[in-house]
Amino acid sequence: MRDVRARIAFYASTPQYRAAFHHHGLGDLADRLKLLSRAQRWEEMPQHITDDILETYVTVGTYDTIAGKLCDRYGGVVTHCEFSIPVKSAADKDRLRDLAKTIQGESIAKVRRTIGRSPA
């Protein structure tokens, strides 16, 4: 989680991403993080990313919950998804395959539900 907070803090410190943070009411945070980055105070930056800020930009979950959370959050707008999950064993490969199947199955079902509600 610290690495994810560090990545979000880095993006927030980058002037090109300030608008995305301003959109969520986090423009002042982006300005503070920009100053920390210019001072090379990288290790201090992740602590400024609270759980609420983290969940604004990241979907957080366990292997058992992440597929459902991703479908709930992005199922109506995302057509492709990539995972950064290390695959070191057959069990890891099976887990990743199950996640993909769950997301694919949910996405198809969601599309069908949406089409079914559409006016003719």
# chains A, B, ... in the order shown; residues from 1 in each chain; ligands from 1
call {"tool": "residues_around", "arguments": {"residues": "range 3-15 of chain A", "least_positions_apart": "2", "cutoff": "7 Å", "atoms": "only C-alpha atoms", "output": "list in words"}}
result
Met1, Tyr17, Arg18, Phe21, Ala30, Asp31, Leu33, Lys34, Ser37, Met45, Pro46, Ile49 and Leu54 of chain A
call {"tool": "residues_around", "arguments": {"residues": "Leu70 in chain A", "least_positions_apart": "2", "cutoff": "10 Å", "atoms": "only C-alpha atoms", "output": "list in words"}}
result
Val58, Thr59, Val60, Gly61, Thr65, Ile66, Ala67, Gly68, Asp72, Arg73, Tyr74, Gly75, Val78, Cys81, Ile103, Glu106 and Ser107 of chain A
call {"tool": "write_last_selection", "arguments": {"atoms": "all heavy atoms", "output": "tab-separated table (two decimals), in the first residue's frame"}}
result
chain	number	residue	atom	x	y	z
A	58	VAL	N	-7.71	4.49	-6.54
A	58	VAL	CA	-7.32	3.08	-6.59
A	58	VAL	C	-8.47	2.22	-6.07
A	58	VAL	O	-9.15	2.59	-5.13
A	58	VAL	CB	-6.07	2.84	-5.71
A	58	VAL	CG1	-5.66	1.38	-5.71
A	58	VAL	CG2	-4.91	3.71	-6.16
A	59	THR	N	-8.67	1.08	-6.69
A	59	THR	CA	-9.61	0.10	-6.17
A	59	THR	C	-8.81	-0.88	-5.33
A	59	THR	O	-7.91	-1.54	-5.83
A	59	THR	CB	-10.33	-0.63	-7.33
A	59	THR	OG1	-10.95	0.35	-8.17
A	59	THR	CG2	-11.38	-1.58	-6.80
A	60	VAL	N	-9.14	-0.96	-4.06
A	60	VAL	CA	-8.40	-1.77	-3.10
A	60	VAL	C	-9.24	-2.95	-2.67
A	60	VAL	O	-10.43	-2.79	-2.37
A	60	VAL	CB	-8.02	-0.93	-1.85
A	60	VAL	CG1	-7.27	-1.77	-0.83
A	60	VAL	CG2	-7.20	0.29	-2.26
A	61	GLY	N	-8.65	-4.13	-2.68
A	61	GLY	CA	-9.38	-5.30	-2.23
A	61	GLY	C	-8.49	-6.52	-2.13
A	61	GLY	O	-7.36	-6.52	-2.61
A	65	THR	N	-12.25	-10.19	-3.08
A	65	THR	CA	-13.20	-9.09	-3.29
A	65	THR	C	-12.88	-8.19	-4.48
A	65	THR	O	-13.75	-7.45	-4.92
A	65	THR	CB	-13.27	-8.20	-2.03
A	65	THR	OG1	-11.99	-7.58	-1.80
A	65	THR	CG2	-13.70	-9.00	-0.81
A	66	ILE	N	-11.67	-8.25	-5.00
A	66	ILE	CA	-11.26	-7.26	-6.00
A	66	ILE	C	-12.05	-7.35	-7.30
A	66	ILE	O	-12.39	-6.32	-7.88
A	66	ILE	CB	-9.73	-7.31	-6.25
A	66	ILE	CG1	-9.27	-6.05	-6.99
A	66	ILE	CG2	-9.32	-8.56	-6.99
A	66	ILE	CD1	-9.39	-4.78	-6.20
A	67	ALA	N	-12.37	-8.52	-7.76
A	67	ALA	CA	-13.12	-8.64	-9.02
A	67	ALA	C	-14.46	-7.94	-8.91
A	67	ALA	O	-14.84	-7.16	-9.79
A	67	ALA	CB	-13.30	-10.11	-9.38
A	68	GLY	N	-15.19	-8.19	-7.84
A	68	GLY	CA	-16.49	-7.54	-7.65
A	68	GLY	C	-16.36	-6.03	-7.53
A	68	GLY	O	-17.17	-5.28	-8.09
A	72	ASP	N	-18.05	-3.35	-10.02
A	72	ASP	CA	-18.96	-2.32	-9.50
A	72	ASP	C	-18.50	-0.93	-9.90
A	72	ASP	O	-19.32	-0.08	-10.28
A	72	ASP	CB	-19.06	-2.40	-7.98
A	72	ASP	CG	-19.83	-3.62	-7.50
A	72	ASP	OD1	-20.52	-4.28	-8.32
A	72	ASP	OD2	-19.71	-3.93	-6.29
A	73	ARG	N	-17.21	-0.69	-9.81
A	73	ARG	CA	-16.69	0.65	-10.04
A	73	ARG	C	-16.55	0.99	-11.52
A	73	ARG	O	-16.84	2.12	-11.93
A	73	ARG	CB	-15.32	0.78	-9.36
A	73	ARG	CG	-14.76	2.17	-9.39
A	73	ARG	CD	-13.57	2.30	-8.48
A	73	ARG	NE	-13.08	3.67	-8.45
A	73	ARG	CZ	-12.13	4.10	-7.65
A	73	ARG	NH1	-11.57	3.27	-6.79
A	73	ARG	NH2	-11.72	5.34	-7.69
A	74	TYR	N	-16.12	0.04	-12.33
A	74	TYR	CA	-15.78	0.34	-13.72
A	74	TYR	C	-16.56	-0.45	-14.76
A	74	TYR	O	-16.36	-0.25	-15.95
A	74	TYR	CB	-14.28	0.10	-13.96
A	74	TYR	CG	-13.39	0.90	-13.07
A	74	TYR	CD1	-12.64	0.31	-12.07
A	74	TYR	CD2	-13.29	2.28	-13.24
A	74	TYR	CE1	-11.80	1.05	-11.25
A	74	TYR	CE2	-12.46	3.04	-12.43
A	74	TYR	CZ	-11.72	2.42	-11.44
A	74	TYR	OH	-10.90	3.16	-10.63
A	75	GLY	N	-17.41	-1.36	-14.32
A	75	GLY	CA	-18.08	-2.26	-15.25
A	75	GLY	C	-18.83	-1.58	-16.38
A	75	GLY	O	-18.92	-2.10	-17.47
A	78	VAL	N	-15.38	0.56	-18.55
A	78	VAL	CA	-14.07	0.01	-18.93
A	78	VAL	C	-14.24	-1.24	-19.77
A	78	VAL	O	-15.05	-2.11	-19.45
A	78	VAL	CB	-13.22	-0.30	-17.67
A	78	VAL	CG1	-11.95	-1.03	-18.03
A	78	VAL	CG2	-12.91	0.98	-16.92
A	81	CYS	N	-8.81	-4.42	-18.86
A	81	CYS	CA	-8.25	-4.31	-17.51
A	81	CYS	C	-6.94	-5.08	-17.46
A	81	CYS	O	-6.82	-6.13	-18.07
A	81	CYS	CB	-9.26	-4.89	-16.51
A	81	CYS	SG	-8.73	-4.83	-14.80
A	103	ILE	N	-14.51	-11.27	-13.71
A	103	ILE	CA	-14.69	-9.93	-14.29
A	103	ILE	C	-15.34	-10.04	-15.66
A	103	ILE	O	-16.28	-9.30	-15.97
A	103	ILE	CB	-13.35	-9.18	-14.36
A	103	ILE	CG1	-12.90	-8.83	-12.94
A	103	ILE	CG2	-13.45	-7.94	-15.23
A	103	ILE	CD1	-11.50	-8.31	-12.83
A	106	GLU	N	-19.05	-11.01	-15.19
A	106	GLU	CA	-19.83	-9.91	-14.63
A	106	GLU	C	-20.02	-8.82	-15.67
A	106	GLU	O	-21.10	-8.24	-15.77
A	106	GLU	CB	-19.14	-9.35	-13.38
A	106	GLU	CG	-19.85	-8.18	-12.76
A	106	GLU	CD	-21.24	-8.50	-12.21
A	106	GLU	OE1	-21.49	-9.64	-11.86
A	106	GLU	OE2	-22.06	-7.57	-12.13
A	107	SER	N	-18.98	-8.53	-16.44
A	107	SER	CA	-19.08	-7.49	-17.45
A	107	SER	C	-20.14	-7.82	-18.49
A	107	SER	O	-20.93	-6.97	-18.88
A	107	SER	CB	-17.72	-7.27	-18.13
A	107	SER	OG	-16.77	-6.82	-17.19
call {"tool": "select_by_dssp", "arguments": {"residues": "chain A", "states": "helix (DSSP H, G or I)", "output": "PyMOL selection string"}}
result
chain A and resi 2-13+15-23+27-38+42-44+46-48+51-57+66-74+90-117
call {"tool": "closest_residue", "arguments": {"among": "A:His24, A:Lys88, A:Gln104, A:Asp94", "to": "Thr56 in chain A", "atoms": "only C-alpha atoms"}}
result
A:His24
call {"tool": "closest_residue", "arguments": {"among": "A:Ala20, A:Glu43, A:Arg2, A:Ala100", "to": "His80 in chain A", "atoms": "only C-alpha atoms"}}
result
A:Ala100
call {"tool": "decode", "arguments": {"residues": "range 15-48 of chain A", "atoms": "N, CA, C and O atoms", "output": "short mmCIF file (atom, residue, chain, number, x, y, z; two decimals), in the first residue's frame"}}
result
data_model
loop_
_atom_site.label_atom_id
_atom_site.label_comp_id
_atom_site.auth_asym_id
_atom_site.auth_seq_id
_atom_site.Cartn_x
_atom_site.Cartn_y
_atom_site.Cartn_z
N PRO A 15 2.88 18.66 -12.30
CA PRO A 15 1.97 19.71 -12.75
C PRO A 15 0.93 19.24 -13.79
O PRO A 15 -0.21 19.70 -13.77
N GLN A 16 1.30 18.31 -14.64
CA GLN A 16 0.37 17.83 -15.66
C GLN A 16 -0.84 17.12 -15.07
O GLN A 16 -1.88 17.02 -15.72
N TYR A 17 -0.73 16.60 -13.86
CA TYR A 17 -1.83 15.88 -13.22
C TYR A 17 -2.60 16.73 -12.21
O TYR A 17 -3.56 16.27 -11.61
N ARG A 18 -2.19 17.98 -12.01
CA ARG A 18 -2.83 18.81 -11.00
C ARG A 18 -4.34 18.93 -11.25
O ARG A 18 -5.14 18.90 -10.31
N ALA A 19 -4.74 19.07 -12.49
CA ALA A 19 -6.18 19.23 -12.80
C ALA A 19 -7.00 18.04 -12.30
O ALA A 19 -8.12 18.23 -11.80
N ALA A 20 -6.45 16.84 -12.41
CA ALA A 20 -7.17 15.65 -11.93
C ALA A 20 -7.34 15.69 -10.42
O ALA A 20 -8.37 15.29 -9.89
N PHE A 21 -6.35 16.21 -9.72
CA PHE A 21 -6.45 16.32 -8.27
C PHE A 21 -7.34 17.50 -7.89
O PHE A 21 -8.14 17.40 -6.95
N HIS A 22 -7.25 18.58 -8.62
CA HIS A 22 -8.13 19.73 -8.38
C HIS A 22 -9.59 19.33 -8.57
O HIS A 22 -10.45 19.74 -7.78
N HIS A 23 -9.87 18.52 -9.57
CA HIS A 23 -11.24 18.05 -9.83
C HIS A 23 -11.85 17.38 -8.60
O HIS A 23 -13.05 17.47 -8.37
N HIS A 24 -11.04 16.71 -7.82
CA HIS A 24 -11.49 16.00 -6.62
C HIS A 24 -11.30 16.85 -5.36
O HIS A 24 -11.38 16.32 -4.24
N GLY A 25 -11.04 18.16 -5.53
CA GLY A 25 -10.86 19.03 -4.38
C GLY A 25 -9.51 18.88 -3.70
O GLY A 25 -9.36 19.22 -2.53
N LEU A 26 -8.53 18.38 -4.43
CA LEU A 26 -7.22 18.09 -3.86
C LEU A 26 -6.11 18.94 -4.48
O LEU A 26 -4.94 18.56 -4.46
N GLY A 27 -6.47 20.10 -5.01
CA GLY A 27 -5.48 20.98 -5.62
C GLY A 27 -4.42 21.43 -4.64
O GLY A 27 -3.23 21.51 -4.98
N ASP A 28 -4.84 21.76 -3.40
CA ASP A 28 -3.86 22.19 -2.38
C ASP A 28 -2.87 21.07 -2.06
O ASP A 28 -1.68 21.32 -1.88
N LEU A 29 -3.38 19.85 -2.01
CA LEU A 29 -2.50 18.69 -1.78
C LEU A 29 -1.47 18.58 -2.90
O LEU A 29 -0.29 18.37 -2.65
N ALA A 30 -1.93 18.72 -4.13
CA ALA A 30 -1.01 18.64 -5.27
C ALA A 30 0.07 19.71 -5.17
O ALA A 30 1.24 19.45 -5.45
N ASP A 31 -0.31 20.91 -4.75
CA ASP A 31 0.67 21.99 -4.60
C ASP A 31 1.69 21.66 -3.51
O ASP A 31 2.89 21.87 -3.70
N ARG A 32 1.23 21.12 -2.37
CA ARG A 32 2.16 20.75 -1.28
C ARG A 32 3.11 19.64 -1.73
O ARG A 32 4.31 19.68 -1.45
N LEU A 33 2.57 18.65 -2.45
CA LEU A 33 3.41 17.54 -2.90
C LEU A 33 4.41 17.99 -3.96
O LEU A 33 5.52 17.48 -4.03
N LYS A 34 4.02 18.95 -4.78
CA LYS A 34 4.95 19.49 -5.78
C LYS A 34 6.15 20.13 -5.07
O LYS A 34 7.30 19.92 -5.48
N LEU A 35 5.89 20.86 -3.99
CA LEU A 35 6.99 21.49 -3.24
C LEU A 35 7.89 20.43 -2.60
O LEU A 35 9.12 20.57 -2.61
N LEU A 36 7.29 19.38 -2.05
CA LEU A 36 8.09 18.31 -1.46
C LEU A 36 8.95 17.62 -2.52
O LEU A 36 10.11 17.29 -2.27
N SER A 37 8.39 17.40 -3.69
CA SER A 37 9.17 16.74 -4.75
C SER A 37 10.33 17.62 -5.21
O SER A 37 11.43 17.12 -5.43
N ARG A 38 10.09 18.91 -5.33
CA ARG A 38 11.17 19.81 -5.73
C ARG A 38 12.28 19.87 -4.69
O ARG A 38 13.43 20.10 -5.03
N ALA A 39 11.91 19.64 -3.43
CA ALA A 39 12.90 19.62 -2.35
C ALA A 39 13.52 18.23 -2.19
O ALA A 39 14.31 18.01 -1.25
N GLN A 40 13.15 17.30 -3.09
CA GLN A 40 13.67 15.93 -3.04
C GLN A 40 13.30 15.20 -1.75
O GLN A 40 14.03 14.34 -1.27
N ARG A 41 12.14 15.52 -1.18
CA ARG A 41 11.68 14.91 0.07
C ARG A 41 10.67 13.81 -0.24
O ARG A 41 9.55 13.79 0.25
N TRP A 42 11.12 12.87 -1.07
CA TRP A 42 10.26 11.80 -1.59
C TRP A 42 9.67 10.93 -0.50
O TRP A 42 8.52 10.50 -0.58
N GLU A 43 10.43 10.64 0.52
CA GLU A 43 9.98 9.73 1.58
C GLU A 43 8.84 10.31 2.42
O GLU A 43 8.10 9.57 3.05
N GLU A 44 8.68 11.62 2.40
CA GLU A 44 7.61 12.26 3.17
C GLU A 44 6.28 12.28 2.41
O GLU A 44 5.23 12.49 3.01
N MET A 45 6.34 12.08 1.13
CA MET A 45 5.15 12.28 0.29
C MET A 45 4.03 11.26 0.51
O MET A 45 2.86 11.66 0.59
N PRO A 46 4.31 9.97 0.61
CA PRO A 46 3.22 9.00 0.73
C PRO A 46 2.31 9.22 1.94
O PRO A 46 1.11 8.93 1.89
N GLN A 47 2.84 9.75 3.02
CA GLN A 47 2.04 9.94 4.23
C GLN A 47 0.92 10.97 4.03
O GLN A 47 -0.02 11.03 4.81
N HIS A 48 0.98 11.75 2.97
CA HIS A 48 -0.06 12.73 2.67
C HIS A 48 -1.25 12.13 1.94
O HIS A 48 -2.27 12.79 1.75
#
